[in-house]
Amino acid sequence: MTRTDQSTDIRTTPKRKVLISGASIAGPALAFWLNRHGFAVTVVEKASTLRGGGYPIDVRGTALEVVRRMGIMPRLREAHIDLRRLTFLDGNGSEVVSVHPHSVTGGVEGRDLEVRRGDLSDALYAAVRDDVEFLFDDSIETLDQSRHGVDVTFRGGGTRTFDMVFGADGLHSHTRELLFGPEGQFHHFLGYCFAVFTMPNTFGLSHETVMWNAPGKAAALYAVGDEDEVHAFLNFTHPEPPFDAFPNPDAQRDLVAKVFADVGWEVPGMVAAMRKSDDLFFDAVSQIRMPRWSDGRVALVGDAAWAPSFLTGQGSSLALVGAYMLAGSVADRHHAAGFGAYEHNTREFVTVNQNLVGKGGATLFPTTTEALEERNDRLRKLSAIPSAEGRPAHSALTLPEFVPMT
């Protein structure tokens with residue numbers, strides 16, 4: 001083949017068509033990198049539009065290099081939340097200690113990012129919306145794999161065939177269920193449930209979080225700035241995941257109200273605000289642990305594959321890194337070899353970050369009086385100046401240099 005023939009062959013080779021389920025964090029990030037590697041990308045999202053606002057999330061360690069390579073770092077720096085103080089209260093509402101947030105989270109001031117979830121989602125969407133097809137208010141109904149591709153039937157009607165399909169649809173992934181079966185076999189419950197919602201900032205809070213604790217219960221008010229609203233957070237122990245409540249907001253509200261019925265501080269007002277809230281998010285604190293993340297031409301990424309739980313603070317960072325690694329791994333490989341490389345090169349990073357729950361995350365929410373007293377003693381001994389190094393797990397993977405086609 002001559003050089004001219006080779007060039008012609010490359011230009012006329014059809015783009016591989018791929019479908020991504022989920023348009024939160026992992027999905028748009030994966031879409032960005034797959035598009036850069038020359039794929040024709042479609043993203044399907046069950047919501048009717050992007051979900052704005054949302055509670056603050058962290059971008060740390062290796063994930064910072066991902067957003068830098070995407071070119072969205074300046075936008076995220078502008079959206080950065082400058083949280084300056086984290087105050088812990090005892091069951092009576094008296095102050096236990098006030099520390100810099102990074103002393104607890106392992107973050108690095110001036111380097112790591114903390115932004116509203118909606119701000120990160122908006123930045124990712126803006127980076128891909130002109131190059132990627134988005135199908136909102138729709139979802140995958142069925143998947144039928146063959147040697148030639150994946151036939152996908154959509155909930156809204158119609159069938160299309162893709163070379164590969166990717167599930168980036170969260171902890172309760174429908175794609176994972178279609179591929180591997182019921183969630184229960186991969187769902188590792190960590191013993192807590194939580195509710196997050198917004199309410200009026202009648203407390204005079206600014207750039208700070210105040211957290212109240214009693215054994216097995218926690219309540220927090222999170223003020224991201226000088227704003228009229230705060231993010232309210234209610235966390236509690238529970239013997240098992242309340243699967244019946246997941247699809248039922250009324251059942252969620254009833255469960256939370258029952259657990260917090262007899263406590264003080266600002267909790268009664270928080271429960272009343274939760275009852276009226278139109279942005280309640282409720283879930284179990286859990287991880288997804290799977291022996292493999294792909295089957296045939298379908299692969300999972302982000303919380304669908306490995307949800308680390310908010311106790312690690314690494315959900316969004318792992319989603320960003322996983323998306324980068326998955327796209328680069330399949331860029332110039334057959335899907336089977338690409339998926340194998342993706343798992344081989346990413347799993348250790350995921351595992352060390354999931355294991356952060358055993359290194360301080362869960363101890364923020366003690367379940368006994370003795371454990372609560374021990375936690376408070378540890379907090380009082382924390383240095384007032386946070387570490388400049390962060391936690392090793394956050395940067396445990398060095399990104400390879402995948403070369404995009406575009």
# chains A, B, ... in the order shown; residues from 1 in each chain; ligands from 1
call {"tool": "residues_around", "arguments": {"residues": "Thr175 of chain A", "least_positions_apart": "3", "cutoff": "10 Å", "atoms": "only C-alpha atoms", "output": "mmCIF file with N, CA, C and O atoms, in the first residue's frame"}}
result
data_model
loop_
_atom_site.group_PDB
_atom_site.id
_atom_site.type_symbol
_atom_site.label_atom_id
_atom_site.label_comp_id
_atom_site.auth_asym_id
_atom_site.auth_seq_id
_atom_site.Cartn_x
_atom_site.Cartn_y
_atom_site.Cartn_z
ATOM 1 N N ILE A 20 -23.118 5.809 25.555
ATOM 2 C CA ILE A 20 -22.852 5.961 26.984
ATOM 3 C C ILE A 20 -24.173 6.220 27.693
ATOM 4 O O ILE A 20 -24.927 7.107 27.304
ATOM 5 N N SER A 21 -24.454 5.455 28.740
ATOM 6 C CA SER A 21 -25.651 5.676 29.547
ATOM 7 C C SER A 21 -25.262 6.467 30.782
ATOM 8 O O SER A 21 -24.491 5.996 31.623
ATOM 9 N N GLY A 22 -25.791 7.704 30.885
ATOM 10 C CA GLY A 22 -25.504 8.540 32.044
ATOM 11 C C GLY A 22 -24.803 9.823 31.666
ATOM 12 O O GLY A 22 -23.795 9.798 30.960
ATOM 13 N N SER A 139 -33.632 6.266 28.058
ATOM 14 C CA SER A 139 -32.715 5.336 28.712
ATOM 15 C C SER A 139 -32.680 4.033 27.929
ATOM 16 O O SER A 139 -33.488 3.804 27.025
ATOM 17 N N ILE A 140 -31.742 3.191 28.294
ATOM 18 C CA ILE A 140 -31.619 1.871 27.668
ATOM 19 C C ILE A 140 -32.684 0.948 28.243
ATOM 20 O O ILE A 140 -32.830 0.822 29.452
ATOM 21 N N GLU A 141 -33.419 0.303 27.348
ATOM 22 C CA GLU A 141 -34.419 -0.683 27.761
ATOM 23 C C GLU A 141 -33.829 -2.092 27.733
ATOM 24 O O GLU A 141 -33.948 -2.849 28.694
ATOM 25 N N THR A 142 -33.192 -2.452 26.605
ATOM 26 C CA THR A 142 -32.589 -3.776 26.474
ATOM 27 C C THR A 142 -31.260 -3.673 25.735
ATOM 28 O O THR A 142 -31.028 -2.738 24.957
ATOM 29 N N LEU A 143 -30.393 -4.654 25.988
ATOM 30 C CA LEU A 143 -29.125 -4.804 25.290
ATOM 31 C C LEU A 143 -29.065 -6.202 24.703
ATOM 32 O O LEU A 143 -29.339 -7.182 25.393
ATOM 33 N N VAL A 165 -20.978 -0.274 24.219
ATOM 34 C CA VAL A 165 -21.884 0.450 25.117
ATOM 35 C C VAL A 165 -21.194 0.582 26.466
ATOM 36 O O VAL A 165 -20.526 -0.357 26.936
ATOM 37 N N PHE A 166 -21.369 1.737 27.106
ATOM 38 C CA PHE A 166 -20.732 2.006 28.387
ATOM 39 C C PHE A 166 -21.782 2.435 29.407
ATOM 40 O O PHE A 166 -22.579 3.338 29.142
ATOM 41 N N GLY A 167 -21.754 1.806 30.578
ATOM 42 C CA GLY A 167 -22.647 2.180 31.662
ATOM 43 C C GLY A 167 -21.964 3.156 32.597
ATOM 44 O O GLY A 167 -20.981 2.804 33.267
ATOM 45 N N ALA A 168 -22.449 4.378 32.633
ATOM 46 C CA ALA A 168 -21.955 5.415 33.550
ATOM 47 C C ALA A 168 -23.143 5.966 34.325
ATOM 48 O O ALA A 168 -23.246 7.164 34.547
ATOM 49 N N ASP A 169 -24.022 5.070 34.719
ATOM 50 C CA ASP A 169 -25.325 5.457 35.259
ATOM 51 C C ASP A 169 -25.457 5.209 36.756
ATOM 52 O O ASP A 169 -26.544 4.928 37.255
ATOM 53 N N GLY A 170 -24.349 5.318 37.489
ATOM 54 C CA GLY A 170 -24.423 5.470 38.928
ATOM 55 C C GLY A 170 -24.512 4.198 39.750
ATOM 56 O O GLY A 170 -24.489 3.073 39.246
ATOM 57 N N HIS A 172 -26.886 2.738 41.317
ATOM 58 C CA HIS A 172 -27.991 1.824 41.028
ATOM 59 C C HIS A 172 -28.124 1.614 39.516
ATOM 60 O O HIS A 172 -29.215 1.653 38.953
ATOM 61 N N LEU A 178 -28.661 -5.025 33.619
ATOM 62 C CA LEU A 178 -28.898 -5.732 32.361
ATOM 63 C C LEU A 178 -27.744 -6.661 32.019
ATOM 64 O O LEU A 178 -27.947 -7.749 31.452
ATOM 65 N N LEU A 179 -26.537 -6.250 32.373
ATOM 66 C CA LEU A 179 -25.343 -6.986 31.981
ATOM 67 C C LEU A 179 -24.995 -8.103 32.956
ATOM 68 O O LEU A 179 -24.660 -9.222 32.536
ATOM 69 N N PHE A 180 -25.088 -7.827 34.245
ATOM 70 C CA PHE A 180 -24.590 -8.750 35.253
ATOM 71 C C PHE A 180 -25.646 -9.272 36.219
ATOM 72 O O PHE A 180 -25.348 -10.137 37.042
ATOM 73 N N GLY A 181 -26.850 -8.717 36.187
ATOM 74 C CA GLY A 181 -27.874 -9.181 37.105
ATOM 75 C C GLY A 181 -28.110 -8.216 38.248
ATOM 76 O O GLY A 181 -27.603 -7.095 38.263
ATOM 77 N N VAL A 298 -19.682 -4.438 26.326
ATOM 78 C CA VAL A 298 -20.242 -3.471 27.273
ATOM 79 C C VAL A 298 -19.315 -3.355 28.483
ATOM 80 O O VAL A 298 -18.850 -4.364 29.021
ATOM 81 N N ALA A 299 -19.035 -2.118 28.911
ATOM 82 C CA ALA A 299 -18.173 -1.884 30.069
ATOM 83 C C ALA A 299 -18.799 -0.825 30.975
ATOM 84 O O ALA A 299 -19.595 0.005 30.529
ATOM 85 N N LEU A 300 -18.416 -0.865 32.250
ATOM 86 C CA LEU A 300 -18.916 0.070 33.254
ATOM 87 C C LEU A 300 -17.802 1.003 33.692
ATOM 88 O O LEU A 300 -16.621 0.650 33.647
ATOM 89 N N ALA A 304 -21.083 3.162 38.672
ATOM 90 C CA ALA A 304 -21.688 1.929 38.165
ATOM 91 C C ALA A 304 -20.753 0.746 38.342
ATOM 92 O O ALA A 304 -21.196 -0.390 38.575
#
call {"tool": "select_by_dssp", "arguments": {"residues": "segment 17-137 of chain A", "states": "strand (DSSP E or B)", "output": "VMD selection string"}}
result
chain A and resid 17 to 21 40 to 45 56 to 59 85 to 89 95 to 99 113 to 116 133 to 136
call {"tool": "write_last_selection", "arguments": {"atoms": "N, CA and C atoms", "output": "tab-separated table (two decimals), in the first residue's frame"}}
result
chain	number	residue	atom	x	y	z
A	17	LYS	N	-19.04	3.49	16.51
A	17	LYS	CA	-20.16	4.13	17.20
A	17	LYS	C	-20.30	3.55	18.60
A	18	VAL	N	-20.40	4.45	19.57
A	18	VAL	CA	-20.51	4.01	20.96
A	18	VAL	C	-21.65	4.74	21.65
A	19	LEU	N	-22.23	4.08	22.64
A	19	LEU	CA	-23.32	4.65	23.44
A	19	LEU	C	-22.88	4.68	24.90
A	20	ILE	N	-23.12	5.81	25.56
A	20	ILE	CA	-22.85	5.96	26.98
A	20	ILE	C	-24.17	6.22	27.69
A	21	SER	N	-24.45	5.45	28.74
A	21	SER	CA	-25.65	5.68	29.55
A	21	SER	C	-25.26	6.47	30.78
A	40	ALA	N	-17.61	8.02	17.29
A	40	ALA	CA	-18.90	8.71	17.17
A	40	ALA	C	-19.69	8.38	18.43
A	41	VAL	N	-19.95	9.39	19.26
A	41	VAL	CA	-20.44	9.17	20.61
A	41	VAL	C	-21.88	9.65	20.77
A	42	THR	N	-22.70	8.81	21.39
A	42	THR	CA	-24.05	9.17	21.80
A	42	THR	C	-24.15	8.96	23.30
A	43	VAL	N	-24.77	9.92	24.00
A	43	VAL	CA	-24.99	9.81	25.44
A	43	VAL	C	-26.50	9.83	25.68
A	44	VAL	N	-26.99	8.85	26.41
A	44	VAL	CA	-28.41	8.81	26.76
A	44	VAL	C	-28.55	9.06	28.26
A	45	GLU	N	-29.50	9.92	28.63
A	45	GLU	CA	-29.70	10.31	30.02
A	45	GLU	C	-31.19	10.28	30.35
A	56	PRO	N	-21.60	19.93	47.21
A	56	PRO	CA	-20.21	20.09	46.76
A	56	PRO	C	-19.48	18.76	46.67
A	57	ILE	N	-18.58	18.66	45.69
A	57	ILE	CA	-17.76	17.46	45.50
A	57	ILE	C	-16.30	17.90	45.35
A	58	ASP	N	-15.40	16.95	45.50
A	58	ASP	CA	-13.96	17.23	45.44
A	58	ASP	C	-13.35	16.66	44.17
A	59	VAL	N	-12.35	17.36	43.66
A	59	VAL	CA	-11.51	16.87	42.57
A	59	VAL	C	-10.08	16.96	43.07
A	85	ARG	N	-13.71	26.54	57.30
A	85	ARG	CA	-13.83	26.08	58.69
A	85	ARG	C	-14.81	24.91	58.76
A	86	LEU	N	-14.46	23.92	59.58
A	86	LEU	CA	-15.32	22.78	59.86
A	86	LEU	C	-15.43	22.66	61.38
A	87	THR	N	-16.63	22.89	61.88
A	87	THR	CA	-16.86	22.89	63.33
A	87	THR	C	-17.68	21.67	63.73
A	88	PHE	N	-17.19	20.95	64.72
A	88	PHE	CA	-17.89	19.78	65.25
A	88	PHE	C	-18.58	20.14	66.55
A	89	LEU	N	-19.81	19.67	66.68
A	89	LEU	CA	-20.62	19.91	67.88
A	89	LEU	C	-20.97	18.59	68.55
A	95	GLU	N	-19.65	23.32	71.09
A	95	GLU	CA	-18.53	23.11	70.18
A	95	GLU	C	-17.50	22.14	70.78
A	96	VAL	N	-17.11	21.17	69.96
A	96	VAL	CA	-16.04	20.24	70.32
A	96	VAL	C	-14.71	20.78	69.84
A	97	VAL	N	-14.64	21.15	68.57
A	97	VAL	CA	-13.42	21.68	67.98
A	97	VAL	C	-13.76	22.29	66.63
A	98	SER	N	-12.96	23.25	66.20
A	98	SER	CA	-13.10	23.85	64.88
A	98	SER	C	-11.75	23.70	64.18
A	99	VAL	N	-11.75	23.10	62.97
A	99	VAL	CA	-10.51	22.80	62.26
A	99	VAL	C	-10.63	23.25	60.80
A	113	LEU	N	-9.56	20.89	44.25
A	113	LEU	CA	-10.75	21.65	43.91
A	113	LEU	C	-11.95	21.13	44.68
A	114	GLU	N	-12.82	22.03	45.08
A	114	GLU	CA	-14.12	21.68	45.63
A	114	GLU	C	-15.14	22.56	44.93
A	115	VAL	N	-16.07	21.93	44.22
A	115	VAL	CA	-17.06	22.66	43.44
A	115	VAL	C	-18.42	22.01	43.64
A	116	ARG	N	-19.46	22.76	43.33
A	116	ARG	CA	-20.78	22.15	43.32
A	116	ARG	C	-20.82	21.08	42.22
A	133	GLU	N	-23.66	13.51	20.55
A	133	GLU	CA	-25.12	13.47	20.53
A	133	GLU	C	-25.63	13.14	21.93
A	134	PHE	N	-26.53	13.96	22.44
A	134	PHE	CA	-27.16	13.72	23.73
A	134	PHE	C	-28.64	13.41	23.53
A	135	LEU	N	-29.11	12.34	24.17
A	135	LEU	CA	-30.52	11.96	24.16
A	135	LEU	C	-31.04	12.06	25.59
A	136	PHE	N	-31.70	13.15	25.92
A	136	PHE	CA	-32.26	13.33	27.25
A	136	PHE	C	-33.65	12.72	27.34
call {"tool": "residues_around", "arguments": {"residues": "Ala327 of chain A", "least_positions_apart": "2", "cutoff": "10 Å", "atoms": "only C-alpha atoms", "output": "number ranges by chain"}}
result
A: 29-37, 39, 322-325, 329-332, 338-339, 342, 402, 404
call {"tool": "closest_atom_pairs", "arguments": {"of": "segment 245-317 of chain A", "to": "segment 349-357 of chain A", "cutoff": "6 Å", "atoms": "only C-alpha atoms", "output": "CSV"}}
result
residue,atom,partner,partner_atom,distance
A:Pro308,CA,A:Gln354,CA,4.9
A:Leu311,CA,A:Val357,CA,5.9
A:Thr312,CA,A:Leu356,CA,5.5
call {"tool": "write_last_selection", "arguments": {"atoms": "N, CA and C atoms", "output": "compact mmCIF listing (two decimals), in the first residue's frame"}}
result
# COMPACT_ATOMS: atom_id res chain seq x y z
N PRO A 308 -17.28 4.33 45.39
CA PRO A 308 -16.46 4.25 46.60
C PRO A 308 -17.17 4.73 47.84
N LEU A 311 -17.90 8.56 51.86
CA LEU A 311 -16.96 8.50 52.97
C LEU A 311 -15.51 8.64 52.51
N THR A 312 -15.23 8.30 51.26
CA THR A 312 -13.87 8.44 50.73
C THR A 312 -13.63 9.83 50.14
call {"tool": "residues_around", "arguments": {"residues": "Gly91 of chain A", "least_positions_apart": "5", "cutoff": "8 Å", "atoms": "only C-alpha atoms", "output": "CSV table (one decimal) with N, CA, C and O atoms, in the first residue's frame"}}
result
chain,number,residue,atom,x,y,z
A,212,TRP,N,-23.1,18.3,63.7
A,212,TRP,CA,-23.6,17.8,65.0
A,212,TRP,C,-23.5,16.3,65.0
A,212,TRP,O,-23.9,15.7,64.0
A,213,ASN,N,-23.1,15.7,66.1
A,213,ASN,CA,-23.1,14.3,66.2
A,213,ASN,C,-23.7,13.7,67.5
A,213,ASN,O,-23.5,14.3,68.5
A,214,ALA,N,-24.4,12.7,67.4
A,214,ALA,CA,-24.8,11.8,68.5
A,214,ALA,C,-24.5,10.4,68.0
A,214,ALA,O,-24.3,10.1,66.8
A,264,GLY,N,-32.0,17.1,69.4
A,264,GLY,CA,-32.0,18.6,69.5
A,264,GLY,C,-31.2,19.3,68.5
A,264,GLY,O,-31.3,19.0,67.3
A,265,TRP,N,-30.5,20.3,69.0
A,265,TRP,CA,-29.8,21.3,68.1
A,265,TRP,C,-30.8,21.8,67.1
A,265,TRP,O,-31.9,22.2,67.4
call {"tool": "select_by_dssp", "arguments": {"residues": "segment 63-291 of chain A", "states": "alpha helix (DSSP H)", "output": "PyMOL selection string"}}
result
chain A and resi 63-70+73-79+101-105+117-128+174-180+249-259+267-276
call {"tool": "residues_around", "arguments": {"residues": "Leu234 of chain A", "least_positions_apart": "4", "cutoff": "8 Å", "atoms": "only C-alpha atoms", "output": "JSON, numbers by chain"}}
result
{"A": [194, 195, 196, 217, 218, 219, 220, 256]}
call {"tool": "decode", "arguments": {"residues": "segment 164-203 of chain A", "atoms": "N, CA and C atoms", "output": "PDB file, in the first residue's frame"}}
result
ATOM      1  N   MET A 164     -19.836  -0.440  20.808  1.00  0.00           N
ATOM      2  CA  MET A 164     -19.647  -0.650  22.243  1.00  0.00           C
ATOM      3  C   MET A 164     -20.671   0.175  23.007  1.00  0.00           C
ATOM      4  N   VAL A 165     -20.978  -0.274  24.219  1.00  0.00           N
ATOM      5  CA  VAL A 165     -21.884   0.450  25.117  1.00  0.00           C
ATOM      6  C   VAL A 165     -21.194   0.582  26.466  1.00  0.00           C
ATOM      7  N   PHE A 166     -21.369   1.737  27.106  1.00  0.00           N
ATOM      8  CA  PHE A 166     -20.732   2.006  28.387  1.00  0.00           C
ATOM      9  C   PHE A 166     -21.782   2.435  29.407  1.00  0.00           C
ATOM     10  N   GLY A 167     -21.754   1.806  30.578  1.00  0.00           N
ATOM     11  CA  GLY A 167     -22.647   2.180  31.662  1.00  0.00           C
ATOM     12  C   GLY A 167     -21.964   3.156  32.597  1.00  0.00           C
ATOM     13  N   ALA A 168     -22.449   4.378  32.633  1.00  0.00           N
ATOM     14  CA  ALA A 168     -21.955   5.415  33.550  1.00  0.00           C
ATOM     15  C   ALA A 168     -23.143   5.966  34.325  1.00  0.00           C
ATOM     16  N   ASP A 169     -24.022   5.070  34.719  1.00  0.00           N
ATOM     17  CA  ASP A 169     -25.325   5.457  35.259  1.00  0.00           C
ATOM     18  C   ASP A 169     -25.457   5.209  36.756  1.00  0.00           C
ATOM     19  N   GLY A 170     -24.349   5.318  37.489  1.00  0.00           N
ATOM     20  CA  GLY A 170     -24.423   5.470  38.928  1.00  0.00           C
ATOM     21  C   GLY A 170     -24.512   4.198  39.750  1.00  0.00           C
ATOM     22  N   LEU A 171     -24.621   4.420  41.060  1.00  0.00           N
ATOM     23  CA  LEU A 171     -24.646   3.339  42.039  1.00  0.00           C
ATOM     24  C   LEU A 171     -25.707   2.298  41.719  1.00  0.00           C
ATOM     25  N   HIS A 172     -26.886   2.738  41.317  1.00  0.00           N
ATOM     26  CA  HIS A 172     -27.991   1.824  41.028  1.00  0.00           C
ATOM     27  C   HIS A 172     -28.124   1.614  39.516  1.00  0.00           C
ATOM     28  N   SER A 173     -27.016   1.358  38.859  1.00  0.00           N
ATOM     29  CA  SER A 173     -26.915   1.272  37.406  1.00  0.00           C
ATOM     30  C   SER A 173     -27.862   0.248  36.784  1.00  0.00           C
ATOM     31  N   HIS A 174     -28.688   0.726  35.857  1.00  0.00           N
ATOM     32  CA  HIS A 174     -29.542  -0.171  35.096  1.00  0.00           C
ATOM     33  C   HIS A 174     -28.728  -0.948  34.077  1.00  0.00           C
ATOM     34  N   THR A 175     -27.703  -0.314  33.521  1.00  0.00           N
ATOM     35  CA  THR A 175     -26.836  -1.009  32.565  1.00  0.00           C
ATOM     36  C   THR A 175     -26.157  -2.195  33.229  1.00  0.00           C
ATOM     37  N   ARG A 176     -25.670  -2.000  34.451  1.00  0.00           N
ATOM     38  CA  ARG A 176     -25.039  -3.097  35.186  1.00  0.00           C
ATOM     39  C   ARG A 176     -26.026  -4.230  35.438  1.00  0.00           C
ATOM     40  N   GLU A 177     -27.254  -3.873  35.771  1.00  0.00           N
ATOM     41  CA  GLU A 177     -28.265  -4.900  36.026  1.00  0.00           C
ATOM     42  C   GLU A 177     -28.554  -5.701  34.761  1.00  0.00           C
ATOM     43  N   LEU A 178     -28.661  -5.025  33.619  1.00  0.00           N
ATOM     44  CA  LEU A 178     -28.898  -5.732  32.361  1.00  0.00           C
ATOM     45  C   LEU A 178     -27.744  -6.661  32.019  1.00  0.00           C
ATOM     46  N   LEU A 179     -26.537  -6.250  32.373  1.00  0.00           N
ATOM     47  CA  LEU A 179     -25.343  -6.986  31.981  1.00  0.00           C
ATOM     48  C   LEU A 179     -24.995  -8.103  32.956  1.00  0.00           C
ATOM     49  N   PHE A 180     -25.088  -7.827  34.245  1.00  0.00           N
ATOM     50  CA  PHE A 180     -24.590  -8.750  35.253  1.00  0.00           C
ATOM     51  C   PHE A 180     -25.646  -9.272  36.219  1.00  0.00           C
ATOM     52  N   GLY A 181     -26.850  -8.717  36.187  1.00  0.00           N
ATOM     53  CA  GLY A 181     -27.874  -9.181  37.105  1.00  0.00           C
ATOM     54  C   GLY A 181     -28.110  -8.216  38.248  1.00  0.00           C
ATOM     55  N   PRO A 182     -28.895  -8.625  39.267  1.00  0.00           N
ATOM     56  CA  PRO A 182     -29.327  -7.741  40.343  1.00  0.00           C
ATOM     57  C   PRO A 182     -28.173  -7.075  41.084  1.00  0.00           C
ATOM     58  N   GLU A 183     -28.435  -5.854  41.535  1.00  0.00           N
ATOM     59  CA  GLU A 183     -27.433  -5.052  42.229  1.00  0.00           C
ATOM     60  C   GLU A 183     -26.941  -5.696  43.518  1.00  0.00           C
ATOM     61  N   GLY A 184     -27.819  -6.425  44.218  1.00  0.00           N
ATOM     62  CA  GLY A 184     -27.493  -6.936  45.535  1.00  0.00           C
ATOM     63  C   GLY A 184     -26.197  -7.714  45.611  1.00  0.00           C
ATOM     64  N   GLN A 185     -25.823  -8.407  44.541  1.00  0.00           N
ATOM     65  CA  GLN A 185     -24.619  -9.239  44.579  1.00  0.00           C
ATOM     66  C   GLN A 185     -23.333  -8.411  44.569  1.00  0.00           C
ATOM     67  N   PHE A 186     -23.436  -7.127  44.208  1.00  0.00           N
ATOM     68  CA  PHE A 186     -22.260  -6.257  44.159  1.00  0.00           C
ATOM     69  C   PHE A 186     -22.329  -5.111  45.179  1.00  0.00           C
ATOM     70  N   HIS A 187     -23.472  -4.970  45.817  1.00  0.00           N
ATOM     71  CA  HIS A 187     -23.737  -3.850  46.717  1.00  0.00           C
ATOM     72  C   HIS A 187     -23.193  -4.187  48.108  1.00  0.00           C
ATOM     73  N   HIS A 188     -22.186  -3.431  48.557  1.00  0.00           N
ATOM     74  CA  HIS A 188     -21.617  -3.631  49.885  1.00  0.00           C
ATOM     75  C   HIS A 188     -22.026  -2.447  50.758  1.00  0.00           C
ATOM     76  N   PHE A 189     -23.014  -2.688  51.588  1.00  0.00           N
ATOM     77  CA  PHE A 189     -23.582  -1.649  52.447  1.00  0.00           C
ATOM     78  C   PHE A 189     -22.604  -1.338  53.575  1.00  0.00           C
ATOM     79  N   LEU A 190     -22.355  -0.046  53.825  1.00  0.00           N
ATOM     80  CA  LEU A 190     -21.400   0.379  54.840  1.00  0.00           C
ATOM     81  C   LEU A 190     -22.060   0.791  56.154  1.00  0.00           C
ATOM     82  N   GLY A 191     -23.371   0.578  56.257  1.00  0.00           N
ATOM     83  CA  GLY A 191     -24.032   0.752  57.542  1.00  0.00           C
ATOM     84  C   GLY A 191     -24.742   2.065  57.776  1.00  0.00           C
ATOM     85  N   TYR A 192     -24.771   2.941  56.773  1.00  0.00           N
ATOM     86  CA  TYR A 192     -25.383   4.260  56.939  1.00  0.00           C
ATOM     87  C   TYR A 192     -26.350   4.551  55.787  1.00  0.00           C
ATOM     88  N   CYS A 193     -27.257   5.471  56.043  1.00  0.00           N
ATOM     89  CA  CYS A 193     -28.080   6.105  55.022  1.00  0.00           C
ATOM     90  C   CYS A 193     -27.949   7.611  55.202  1.00  0.00           C
ATOM     91  N   PHE A 194     -28.256   8.355  54.165  1.00  0.00           N
ATOM     92  CA  PHE A 194     -28.133   9.808  54.277  1.00  0.00           C
ATOM     93  C   PHE A 194     -29.157  10.508  53.400  1.00  0.00           C
ATOM     94  N   ALA A 195     -29.443  11.743  53.774  1.00  0.00           N
ATOM     95  CA  ALA A 195     -30.327  12.606  53.008  1.00  0.00           C
ATOM     96  C   ALA A 195     -29.640  13.962  52.860  1.00  0.00           C
ATOM     97  N   VAL A 196     -29.673  14.520  51.650  1.00  0.00           N
ATOM     98  CA  VAL A 196     -29.099  15.830  51.372  1.00  0.00           C
ATOM     99  C   VAL A 196     -30.170  16.683  50.702  1.00  0.00           C
ATOM    100  N   PHE A 197     -30.257  17.964  51.099  1.00  0.00           N
ATOM    101  CA  PHE A 197     -31.250  18.870  50.525  1.00  0.00           C
ATOM    102  C   PHE A 197     -30.819  20.292  50.860  1.00  0.00           C
ATOM    103  N   THR A 198     -31.441  21.259  50.254  1.00  0.00           N
ATOM    104  CA  THR A 198     -31.146  22.658  50.576  1.00  0.00           C
ATOM    105  C   THR A 198     -32.255  23.239  51.452  1.00  0.00           C
ATOM    106  N   MET A 199     -31.861  24.247  52.240  1.00  0.00           N
ATOM    107  CA  MET A 199     -32.810  24.931  53.109  1.00  0.00           C
ATOM    108  C   MET A 199     -32.301  26.352  53.336  1.00  0.00           C
ATOM    109  N   PRO A 200     -33.159  27.249  53.823  1.00  0.00           N
ATOM    110  CA  PRO A 200     -32.731  28.643  54.035  1.00  0.00           C
ATOM    111  C   PRO A 200     -31.569  28.754  55.018  1.00  0.00           C
ATOM    112  N   ASN A 201     -30.645  29.636  54.708  1.00  0.00           N
ATOM    113  CA  ASN A 201     -29.505  29.884  55.592  1.00  0.00           C
ATOM    114  C   ASN A 201     -29.904  30.943  56.623  1.00  0.00           C
ATOM    115  N   THR A 202     -30.565  30.477  57.650  1.00  0.00           N
ATOM    116  CA  THR A 202     -30.979  31.367  58.736  1.00  0.00           C
ATOM    117  C   THR A 202     -29.991  31.319  59.901  1.00  0.00           C
ATOM    118  N   PHE A 203     -28.819  30.737  59.649  1.00  0.00           N
ATOM    119  CA  PHE A 203     -27.862  30.470  60.723  1.00  0.00           C
ATOM    120  C   PHE A 203     -26.656  31.415  60.683  1.00  0.00           C
TER     121      PHE A 203
END
